[in-house]
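Encoded as structure tokens, the structure appears first; notes follow it.
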Amino acid sequence: MPSPVPNSALEALKAVVGSGGYLERTPDVDLYLVDFRRLYRGRSPLVLLPANTAEVANIVRICAEHGIGIVPHGGNTSYCGGATPDESGTQIVLALKRLDRVRKVEPLEYAITVEAGCTLTHVQHTAEQAGRLFPLSLGSEGSCQIGGNIATNAGGTAVLRYGMMRDLVLGLEVVLPDGQAIDTLSPLRKDNRGYRLQELFIGSEGTLGIITAACLKLFPLPVERLTAIAAVNDPAAAVELLARLRGASGDAVSTFELLPRIAVELTGRHIDGVRDPFDRAYPWYVLIELSSSRAGSGLDAALEQALADDSLVLDAAIAATVQQRNAMWRMRESVPEAQRHAGASIKHDVSVPVTAIDGFTRRAGAWVQAQVPEGELIAYGHLGDGNLHFNIQQRAGTDVAAFLARAPEIHRAIYDLVAEHGGSFSAEHGVGRLKTAELERYKSAAELALMRSIKQALDPKGILNPGKILTRA
């Protein structure tokens, strides 16, 4: 059993951050002990809120000396329990929300340096004020924090054009498990001085180091943005439409989101102001967005020509106003909320090669129909980068407990099919605590051994985010 945190260590940790920098009483502490999806409820004697990197480093040194587990905490939007302490009460929570300063904006370098506690919305708006674009876009952008975005290698709706969070990071400031800090904060695009150390920490979910600041890529601010909804027969037609649009637009497609008929019906039923954009029902829809930083780019002609191809497109509508664009996006972004209104669901965040999406959805959909009669499939998401949110919704009138009890069996079947199609059981939400068993099953022995070697080399005492990603070092 883990040992309780000694009072002397708790007092030393509180002294680092001062009287306004910690929480130790309920209900203040309780806010940091439950994950976003309420899958896990942990215990902790102390929540620390450092105000700068030096305080983070001092906290880590004390915890390393006493062997105390540290759970980094950002905006608490993790879907996999990655920012929640365990039930032992022997881990402290390190909340980074006070590290919320924009350190530097460099428009000519197309770079911005921010601290880990900055919300994604804050970074987006700061970049826009400087005439630049920070392209990461997530449903939780008002509350998620940059440190967490980097630690989980966040994706979102613009990955097709701009890449994952990994592709948007130029440099990092990181506190290591022994309390040392490394600083690679630089807008350099070319730097071949040995290992690119910051890559270790992107997607590591706080298990190798604590990200305190980042230098991020910026892009030209779009001056033209075209948004459309198209109806298609199946994902295969959507994939072909995407390929044609990318070619015709000069690869200016920034968003290509897939929605099945059931998702459109669900949002229309449960979300105020959402309605089907067409007068008749179609089996599949795609939300398309093209953008350019150059006025008169010709994107409108390319989009209209692609949508006029009746061999692929059954119907289409192009947004003529901001209100119409917002309505299209509201239908897409409201799917998770509509699912919550509709009842319980068993969720999968998976990816397969884009060309495998049609085959995967047919096979996995047929399995769900045959094996899970108490559920109905809602497969939607970022078709442009192969990421589907493959969710099974509880049917009305069925037993919730019995349905959710089938989750392990259903996960195994779906993830096995994903693996058969060359995909990943975790596309953009990470591993956290939720998917450690899947990592053990689907990663090769050599990969797991290398991951454990890296963890052991950097964090030999195992104090950083224990039990996340790897259950043993």
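Each chain of the structure tokens is named A, B, ... in the order shown, its residues numbered from 1; ligands are numbered from 1 in display order.
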TODO: For range 146-152 of chain A, please output as a PyMOL selection string all residues within 9 Å (counting only C-alpha atoms; exclusion window: fewer than 5 positions along the same chain).
DONE: chain A and resi 72-78+82-83+96+114-120+123+165-166+169+201-207+210-214+428-432
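Residues in contact range of range 393-405 of chain A, defined as at most 7 Å between only C-alpha atoms, with sequence neighbours fewer than 2 positions away removed, read Gly343, Ala344, Ser345, Ile346, Glu374, Gly375, Glu376, Leu377, Ile378, Asn391 and Ala407 of chain A.
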- [ ] Pick out the residues sitting within 8 Å of range 172-180 of chain A, and hand them over as an MDAnalysis selection string; count only C-alpha atoms, and ignore anything fewer than 6 positions along from it in its own chain.
- [x] chainID A and resid 53 56:61 64 198 208:215 458:459 463:464
Produce a file of the selected residues containing C-alpha atoms, as a CSV table (one decimal), in the first residue's frame.
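out-v6.csv, written as the output of this step:
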chain,number,residue,atom,x,y,z
A,53,THR,CA,7.9,27.7,-13.3
A,56,VAL,CA,6.6,24.1,-10.1
A,57,ALA,CA,10.3,23.0,-10.0
A,58,ASN,CA,10.4,23.4,-6.2
A,59,ILE,CA,7.2,21.4,-5.8
A,60,VAL,CA,8.6,18.6,-7.9
A,61,ARG,CA,11.9,18.6,-6.0
A,64,ALA,CA,10.9,13.6,-5.6
A,198,GLN,CA,10.5,18.3,-26.6
A,208,LEU,CA,7.6,12.2,-18.2
A,209,GLY,CA,7.6,15.9,-17.3
A,210,ILE,CA,5.4,18.9,-16.5
A,211,ILE,CA,4.9,21.3,-19.3
A,212,THR,CA,5.0,24.9,-18.1
A,213,ALA,CA,5.2,26.9,-21.3
A,214,ALA,CA,5.3,26.4,-25.1
A,215,CYS,CA,6.3,28.2,-28.2
A,458,LEU,CA,13.3,10.1,-16.8
A,459,ASP,CA,11.2,9.2,-13.8
A,463,ILE,CA,6.2,10.1,-9.3
A,464,LEU,CA,4.7,11.8,-12.4
TODO: Tell me which of A:Asp349, A:Ala301, A:Ala366, A:Leu470 sits closest to Gln456 in chain A, counting only C-alpha atoms.
DONE: A:Leu470
